[in-house]
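**Q** Quick one, model33.txt (compact mmCIF, C-alpha atoms):
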# COMPACT_ATOMS: atom_id res chain seq x y z
CA MET A 287 27.40 -26.48 -7.23
CA GLY A 288 23.94 -26.70 -8.69
CA LEU A 289 22.93 -23.33 -7.30
CA ILE A 290 25.48 -21.32 -9.22
CA ASP A 291 24.28 -22.95 -12.40
CA ASN A 292 20.96 -21.32 -11.68
CA ILE A 293 22.35 -17.86 -12.36
CA ASN A 294 20.30 -17.20 -15.42
CA LYS A 295 22.10 -15.58 -18.31
CA LEU A 296 18.87 -13.98 -19.44
CA PHE A 297 18.52 -12.20 -16.12
CA ASP A 298 22.14 -11.17 -16.04
CA HIS A 299 21.05 -7.91 -17.55
CA ARG A 300 19.68 -5.05 -15.48
CA ILE A 301 16.75 -4.26 -17.76
CA ARG A 302 15.50 -7.83 -18.17
CA LEU A 303 15.90 -8.33 -14.45
CA GLY A 304 13.82 -5.19 -13.93
CA ILE A 305 11.08 -6.30 -16.31
CA MET A 306 10.75 -9.66 -14.57
CA SER A 307 10.76 -8.07 -11.09
CA ILE A 308 7.79 -5.93 -12.07
CA LEU A 309 5.92 -8.83 -13.66
CA MET A 310 6.46 -10.99 -10.58
CA VAL A 311 4.37 -8.70 -8.37
CA ASN A 312 1.82 -7.46 -10.90
CA GLU A 313 -0.73 -9.65 -12.61
CA GLU A 314 -0.30 -7.84 -15.89
CA VAL A 315 1.48 -4.67 -16.93
CA ASP A 316 1.21 -2.70 -20.12
CA PHE A 317 4.04 -1.37 -22.26
CA THR A 318 3.69 2.26 -21.22
CA ARG A 319 3.77 1.41 -17.55
CA LEU A 320 6.91 -0.68 -17.97
CA LYS A 321 8.53 2.15 -19.87
CA GLU A 322 7.61 4.59 -17.14
CA LEU A 323 8.89 2.39 -14.31
CA LEU A 324 12.15 1.49 -15.99
CA GLY A 325 12.78 4.83 -17.66
CA LEU A 326 13.54 3.38 -21.08
CA THR A 327 12.98 4.23 -24.71
CA ASP A 328 10.41 2.28 -26.76
CA GLY A 329 13.00 0.48 -28.86
CA ASN A 330 15.20 -0.53 -25.98
CA LEU A 331 12.33 -1.91 -23.93
CA ALA A 332 10.82 -3.70 -26.93
CA SER A 333 14.02 -5.57 -27.74
CA HIS A 334 14.41 -6.85 -24.19
CA LEU A 335 10.76 -7.86 -24.07
CA LYS A 336 11.30 -9.77 -27.27
CA THR A 337 14.19 -11.71 -25.73
CA LEU A 338 12.10 -12.66 -22.71
CA GLU A 339 9.20 -13.59 -24.95
CA LYS A 340 11.40 -15.90 -27.01
CA ALA A 341 12.42 -17.68 -23.82
CA GLU A 342 8.69 -17.99 -23.07
CA TYR A 343 9.15 -16.18 -19.79
CA LEU A 344 6.35 -13.79 -20.55
CA SER A 345 3.13 -13.87 -22.48
CA ILE A 346 1.73 -11.05 -24.53
CA GLU A 347 -1.81 -9.90 -24.99
CA LYS A 348 -2.64 -7.28 -27.56
CA ARG A 349 -5.88 -5.36 -27.53
CA PHE A 350 -7.38 -2.01 -28.22
CA VAL A 351 -8.29 0.55 -25.65
CA GLY A 352 -10.59 2.77 -27.65
CA ARG A 353 -8.59 3.16 -30.83
CA LYS A 354 -5.17 2.85 -29.30
CA PRO A 355 -3.40 -0.48 -29.39
CA ASN A 356 -2.47 -1.65 -25.93
CA THR A 357 -0.03 -4.45 -25.23
CA ARG A 358 -0.01 -6.22 -21.90
CA TYR A 359 2.63 -8.51 -20.51
CA LYS A 360 2.32 -11.33 -18.02
CA ALA A 361 4.97 -13.57 -16.48
CA THR A 362 4.46 -17.20 -17.46
CA LYS A 363 4.82 -20.07 -15.05
CA ALA A 364 8.20 -20.93 -16.59
CA GLY A 365 9.28 -17.31 -16.19
CA ARG A 366 8.28 -17.24 -12.55
CA THR A 367 10.14 -20.44 -11.77
CA ALA A 368 13.24 -19.26 -13.61
CA PHE A 369 13.20 -15.93 -11.81
CA GLN A 370 12.73 -17.61 -8.44
CA LYS A 371 15.73 -19.84 -9.11
CA HIS A 372 17.79 -16.87 -10.20
CA LEU A 373 16.96 -15.08 -6.96
CA GLU A 374 17.98 -18.08 -4.89
CA ALA A 375 21.26 -18.27 -6.77
CA LEU A 376 21.90 -14.56 -6.17
CA GLU A 377 21.22 -14.98 -2.49
CA TYR A 378 23.57 -17.92 -2.32
CA LEU A 379 26.37 -16.08 -4.08
CA ILE A 380 26.04 -13.11 -1.77
CA LYS A 381 26.14 -15.31 1.30
CA GLN A 382 29.24 -16.99 -0.10
CA ALA A 383 30.92 -13.66 -0.64
CA GLU A 384 30.13 -12.57 2.91
CA ASN A 385 31.36 -15.77 4.56
CA PRO A 386 33.90 -17.24 2.17
CA ASN A 387 34.98 -19.80 4.79
CA ASP A 388 31.57 -21.38 5.03
CA ASN A 389 31.52 -24.78 3.51
CA PRO A 390 28.59 -24.83 1.10
CA ASN A 391 28.16 -28.55 1.65
CA SER A 392 27.72 -28.28 5.42
CA LYS A 393 24.09 -27.18 5.10
CA MET B 251 33.42 -6.91 -7.07
CA GLU B 252 31.08 -9.57 -8.40
CA SER B 253 29.06 -9.84 -5.23
CA LYS B 254 28.69 -6.07 -5.06
CA ASN B 255 26.95 -6.32 -8.42
CA TYR B 256 24.67 -9.04 -7.17
CA LEU B 257 23.76 -6.95 -4.15
CA ASP B 258 22.85 -4.09 -6.48
CA ASP B 259 20.74 -6.52 -8.48
CA LEU B 260 18.83 -7.52 -5.37
CA SER B 261 18.14 -3.97 -4.26
CA GLU B 262 17.04 -3.06 -7.77
CA ILE B 263 14.63 -6.00 -7.76
CA LYS B 264 13.22 -4.98 -4.39
CA ASP B 265 12.86 -1.37 -5.45
CA LEU B 266 11.05 -2.17 -8.70
CA MET B 267 8.79 -4.68 -7.01
CA SER B 268 7.58 -2.20 -4.43
CA ARG B 269 7.51 0.81 -6.75
CA SER B 270 5.42 -1.05 -9.32
CA SER B 271 2.89 -2.50 -6.90
CA ARG B 272 2.61 -0.10 -3.97
CA PHE B 273 1.57 3.52 -3.67
CA LEU B 274 4.50 4.94 -1.71
CA SER B 275 3.72 8.62 -1.70
CA LEU B 276 1.68 8.54 1.49
CA SER B 277 3.13 10.88 4.06
CA GLY B 278 3.21 10.29 7.80
CA LEU B 279 2.36 13.95 8.16
CA SER B 280 -1.15 13.17 6.83
CA GLY B 281 -1.60 10.81 9.76
CA ILE B 282 -0.44 13.37 12.30
CA LEU B 283 -2.79 16.03 10.92
CA ALA B 284 -5.74 13.62 10.63
CA GLY B 285 -5.19 12.75 14.29
CA LEU B 286 -5.13 16.43 15.23
CA TYR B 287 -8.38 17.11 13.35
CA ALA B 288 -9.96 14.15 15.15
CA LEU B 289 -8.80 15.43 18.56
CA ILE B 290 -10.04 18.95 17.88
CA GLY B 291 -13.35 17.52 16.66
CA ALA B 292 -13.62 15.34 19.74
CA GLY B 293 -12.94 18.39 21.92
CA ILE B 294 -15.69 20.39 20.22
CA ALA B 295 -18.10 17.47 20.54
CA TYR B 296 -17.24 16.95 24.19
CA VAL B 297 -17.78 20.57 25.17
CA TYR B 298 -20.78 21.47 23.03
CA LEU B 299 -22.55 18.45 21.60
CA LEU B 300 -22.42 15.42 23.82
CA PRO B 301 -25.48 14.97 26.05
CA ALA B 302 -25.05 15.69 29.76
CA GLU B 303 -24.77 12.89 32.26
CA GLY B 304 -27.98 10.88 32.43
CA GLU B 305 -29.39 12.23 29.18
CA SER B 306 -29.19 10.38 25.92
CA LEU B 307 -28.58 11.43 22.37
CA ARG B 308 -31.59 11.60 20.05
CA THR B 309 -31.32 11.00 16.35
CA HIS B 310 -33.46 13.92 15.29
CA SER B 311 -31.99 16.54 17.60
CA THR B 312 -29.87 19.45 16.42
CA SER B 313 -26.83 18.25 18.31
CA PHE B 314 -27.05 14.89 16.57
CA SER B 315 -27.04 16.52 13.14
CA LEU B 316 -24.15 18.74 14.19
CA LEU B 317 -22.25 15.69 15.41
CA VAL B 318 -22.69 13.99 12.04
CA ALA B 319 -21.63 17.19 10.27
CA LEU B 320 -18.57 17.37 12.51
CA LEU B 321 -17.61 13.77 11.67
CA LEU B 322 -18.02 14.42 7.96
CA GLY B 323 -15.95 17.59 8.30
CA ILE B 324 -13.11 15.69 9.99
CA ALA B 325 -13.20 12.98 7.31
CA PHE B 326 -13.23 15.57 4.53
CA LEU B 327 -10.32 17.57 5.96
CA SER B 328 -8.28 14.40 6.54
CA ILE B 329 -8.82 13.22 2.97
CA VAL B 330 -7.95 16.59 1.46
CA THR B 331 -4.81 16.75 3.61
CA ALA B 332 -3.76 13.22 2.61
CA ILE B 333 -4.22 14.00 -1.09
CA GLY B 334 -2.36 17.30 -0.84
CA LEU B 335 0.60 15.86 1.06
CA SER B 336 0.83 12.78 -1.17
CA TYR B 337 0.87 15.07 -4.16
CA ARG B 338 3.72 17.04 -2.59
CA LYS B 339 5.71 13.92 -1.73
CA ALA B 340 5.23 12.43 -5.20
CA LYS B 341 6.38 15.65 -6.80
CA LYS B 342 9.44 15.81 -4.57
CA ASN B 343 10.41 12.25 -5.52
CA GLY B 344 9.66 12.86 -9.18
CA GLU B 345 6.92 10.24 -9.25
CA ASN B 346 3.47 10.17 -10.74
CA ILE B 347 0.69 10.63 -8.22
CA TRP B 348 -1.83 8.87 -10.42
CA ASP B 349 -0.83 5.49 -11.78
CA ALA B 350 -1.94 1.87 -11.48
CA THR B 351 -0.93 1.73 -7.81
CA THR B 352 -3.14 4.69 -6.90
CA THR B 353 -6.29 3.15 -8.32
CA ARG B 354 -5.55 -0.18 -6.71
CA LEU B 355 -4.93 1.40 -3.33
CA LEU B 356 -8.11 3.50 -3.47
CA ILE B 357 -10.34 0.60 -4.49
CA ASN B 358 -8.97 -1.70 -1.82
CA PHE B 359 -9.28 0.97 0.84
CA ALA B 360 -12.73 2.12 -0.22
CA VAL B 361 -14.55 -1.22 -0.39
CA PRO B 362 -14.47 -2.08 3.35
CA LEU B 363 -14.74 1.57 4.33
CA LEU B 364 -17.80 2.37 2.23
CA THR B 365 -19.45 -0.90 3.23
CA GLY B 366 -19.02 0.09 6.86
CA GLY B 367 -20.13 3.66 6.24
CA ILE B 368 -23.34 2.61 4.50
CA TYR B 369 -24.04 0.01 7.17
CA ILE B 370 -23.67 2.65 9.90
CA LEU B 371 -26.01 5.02 8.03
CA ILE B 372 -28.63 2.28 7.68
CA LYS B 373 -28.44 1.57 11.41
CA ILE B 374 -28.71 5.25 12.26
CA GLN B 375 -31.86 5.48 10.12
CA SER B 376 -33.45 3.01 12.47
CA ASP B 377 -32.11 4.74 15.59
CA HIS B 378 -29.45 2.12 16.24
CA PHE B 379 -26.44 4.33 16.66
CA GLY B 380 -25.15 2.86 19.91
CA LEU B 381 -22.30 0.98 18.24
CA THR B 382 -21.34 3.65 15.73
CA GLY B 383 -17.96 4.30 17.35
CA ALA B 384 -17.09 0.61 17.40
CA LEU B 385 -18.24 0.09 13.81
CA MET B 386 -16.26 3.06 12.55
CA LEU B 387 -13.11 1.74 14.21
CA ILE B 388 -13.62 -1.83 13.01
CA PHE B 389 -14.38 -1.01 9.39
CA TYR B 390 -11.64 1.60 9.22
CA GLY B 391 -9.20 -0.97 10.62
CA LEU B 392 -10.31 -3.56 8.06
CA ALA B 393 -9.91 -1.00 5.28
CA LEU B 394 -6.36 -0.26 6.45
CA VAL B 395 -5.39 -3.93 6.65
CA ASN B 396 -6.80 -4.50 3.17
CA ALA B 397 -5.09 -1.42 1.73
CA SER B 398 -1.73 -2.18 3.34
CA LYS B 399 -0.84 -4.59 0.53
CA TYR B 400 -0.93 -1.69 -1.88
CA THR B 401 0.91 1.00 0.07
CA LEU B 402 3.44 1.31 2.88
CA GLY B 403 3.23 -2.07 4.60
CA GLN B 404 3.31 -0.64 8.14
CA VAL B 405 -0.23 0.64 7.67
CA ARG B 406 -1.33 -2.92 8.41
CA TYR B 407 -0.38 -2.62 12.09
CA LEU B 408 -2.38 0.56 12.52
CA GLY B 409 -5.27 -1.41 11.01
CA TYR B 410 -4.89 -4.17 13.60
CA ILE B 411 -4.84 -1.62 16.41
CA GLU B 412 -8.02 0.05 15.14
CA ILE B 413 -9.81 -3.29 14.85
CA VAL B 414 -8.88 -4.29 18.41
CA LEU B 415 -9.94 -0.88 19.72
CA GLY B 416 -13.24 -1.26 17.85
CA LEU B 417 -13.88 -4.65 19.43
CA PHE B 418 -13.09 -3.30 22.91
CA CYS B 419 -15.36 -0.39 22.14
CA ALA B 420 -18.17 -2.81 21.33
CA ALA B 421 -17.51 -4.73 24.55
CA PHE B 422 -17.70 -1.62 26.74
CA PRO B 423 -20.76 0.27 25.57
CA GLY B 424 -21.06 3.83 26.75
CA HIS B 425 -17.38 4.60 26.30
CA GLY B 426 -17.52 4.87 22.52
CA PHE B 427 -16.45 8.50 22.58
CA TRP B 428 -13.16 7.71 24.32
CA PHE B 429 -12.33 4.72 22.15
CA TRP B 430 -13.07 6.80 19.06
CA THR B 431 -10.80 9.59 20.29
CA LEU B 432 -8.06 7.11 21.08
CA GLY B 433 -8.36 5.30 17.73
CA PHE B 434 -8.82 8.21 15.36
CA GLY B 435 -6.97 10.88 17.32
CA VAL B 436 -4.13 9.55 19.43
CA MET B 437 -3.28 6.51 17.27
CA HIS B 438 -3.12 8.57 14.08
CA ILE B 439 -0.74 11.02 15.70
CA LEU B 440 1.48 8.30 17.17
CA TYR B 441 1.54 6.24 14.00
CA GLY B 442 1.86 9.21 11.67
CA GLY B 443 4.72 10.44 13.83
CA LEU B 444 6.55 7.11 13.58
CA MET B 445 6.09 7.03 9.81
CA TYR B 446 7.15 10.64 9.43
CA GLN B 447 10.32 9.97 11.39
CA LYS B 448 11.13 7.02 9.14
CA GLU B 449 10.51 9.15 6.05
CA ARG B 450 12.94 11.81 7.22
CA GLN B 451 15.63 9.24 7.85
CA GLY B 452 15.11 8.30 4.19
Represent the structure of the file as structure tokens.

**A**
Amino acid sequence: MGLIDNINKLFDHRIRLGIMSILMVNEEVDFTRLKELLGLTDGNLASHLKTLEKAEYLSIEKRFVGRKPNTRYKATKAGRTAFQKHLEALEYLIKQAENPNDNPNSK
Amino acid sequence: MESKNYLDDLSEIKDLMSRSSRFLSLSGLSGILAGLYALIGAGIAYVYLLPAEGESLRTHSTSFSLLVALLLGIAFLSIVTAIGLSYRKAKKNGENIWDATTTRLLINFAVPLLTGGIYILIKIQSDHFGLTGALMLIFYGLALVNASKYTLGQVRYLGYIEIVLGLFCAAFPGHGFWFWTLGFGVMHILYGGLMYQKERQG
């Protein structure tokens, strides 16, 4: 039953799942771009980013573009692994739901 | 109930992954029109500009300059059409036409294409224009394959086709005109048509 344990509580939220999906396929993404893609308010996005940062799933780099502060986010190795595992668990659960008679141990 | 949610999760992940990394506003219609321009251009060249049987093209003749102008005209029209139609599609889908994906797509498309273009111009300077058709096809194909990671993935297969046509074109000198017409005209229309059909199905 190890696979179900991999359902990650942190990713059991649409917005955090969205943030990680974007970071998985982009080397680094800045705050504005995340906001644009996810259609969120500043505060909402920031709080979810904070949660992911605390789990060390993403790293933050602050710099200035001209005079404007610009914050960029990157998925860490731990974040990538966790996300990958979460995906596998999702896949497994969906397969289970489609073929409930399949014995999971027969594989 | 639960699994329905998980399915939604998966499609959300897929959607965000492609929306954040690929430029999806390309329209198949651009391909169809680019192919038409190429065919019309090829027709004009065939009737008015290509040398008669037994004669050869000279780099400093009027018809050579006109041929180059015609090629540039086709390229220009195709680019303007692609930009215009992408703009329309982006607007319709409520997306930004200019974001990180646009820059990435343009850079990755332009590097092989400009390299090829400059190389061809250098060769023409020294009267080596025999392989121009093949080189155009090959470098355009490479540019498409390279760009396909940053836009609609199917573009890759058009790239492969153009590269193979370019290699055949190099292997059968003297038929460059027909390979060019096939690659830039017919293939664009076929491929653009397929993509356009997919788009309409949603």

**Q** Within 6 Å of chain B, which residues of chain A are there when counting only C-alpha atoms? Please give them as a list of chain:residue names.

**A**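 Those within range of chain B come out as A:Ser307, A:Ile308, A:Ile380.
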
**Q** Within 8 Å of segment 365-368 of chain A, counting all atoms listed in the file, which residues qualify if same-chain residues fewer than 6 places away don't, as a PyMOL selection string?

**A** chain A and resi 294+306+310+342-344

**Q** Step by step, gather every atom of segment 402-406 of chain B that the file lists, find the box along x, y and z that holds them, add 5 Å on each side, and finally give centre and edge lengths in Å to one decimal, as lines of an AutoDock Vina configuration file.

**A**
center_x = 1.1
center_y = -0.8
center_z = 5.6
size_x = 14.8
size_y = 14.2
size_z = 15.5

**Q** Just to confirm, what's the straight-line distance from atom CA of Ile333 of chain B to atom CA of Leu276 of chain B in Å (one decimal)?

**A**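 Distance reported for this atom pair: 8.4 Å.
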
**Q** Any idea what the distance is between atom CA of Ala284 of chain B and atom CA of Tyr337 of chain B?

**A**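 Taking atom CA of Ala284 of chain B and atom CA of Tyr337 of chain B, their separation equals 16.3 Å.
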
**Q** Just to confirm, what's the straight-line distance from atom CA of Lys321 of chain A to atom CA of Ser277 of chain B in Å (one decimal)?

**A** 26.0 Å

**Q** Any idea what's packed within 9 Å of segment 352-368 of chain B, counting all atoms listed in the file, ignoring anything in its chain fewer than 5 positions away? Could you give it as a compact mmCIF listing (two decimals) with C-alpha atoms, keeping the file's coordinate frame?

**A**
# COMPACT_ATOMS: atom_id res chain seq x y z
CA SER B 271 2.89 -2.50 -6.90
CA ARG B 272 2.61 -0.10 -3.97
CA PHE B 273 1.57 3.52 -3.67
CA ILE B 347 0.69 10.63 -8.22
CA LYS B 373 -28.44 1.57 11.41
CA LEU B 385 -18.24 0.09 13.81
CA MET B 386 -16.26 3.06 12.55
CA ILE B 388 -13.62 -1.83 13.01
CA PHE B 389 -14.38 -1.01 9.39
CA TYR B 390 -11.64 1.60 9.22
CA GLY B 391 -9.20 -0.97 10.62
CA LEU B 392 -10.31 -3.56 8.06
CA ALA B 393 -9.91 -1.00 5.28
CA LEU B 394 -6.36 -0.26 6.45
CA VAL B 395 -5.39 -3.93 6.65
CA ASN B 396 -6.80 -4.50 3.17
CA ALA B 397 -5.09 -1.42 1.73
CA SER B 398 -1.73 -2.18 3.34
CA LYS B 399 -0.84 -4.59 0.53
CA TYR B 400 -0.93 -1.69 -1.88
CA THR B 401 0.91 1.00 0.07

**Q** Can you pull out every residue within 10 Å of Ile290 of chain B, counting all atoms listed in the file, but drop anything in the same chain fewer than 4 positions away, and send it as a PyMOL selection string?

**A** chain B and resi 284-286+294-296+324+431+435
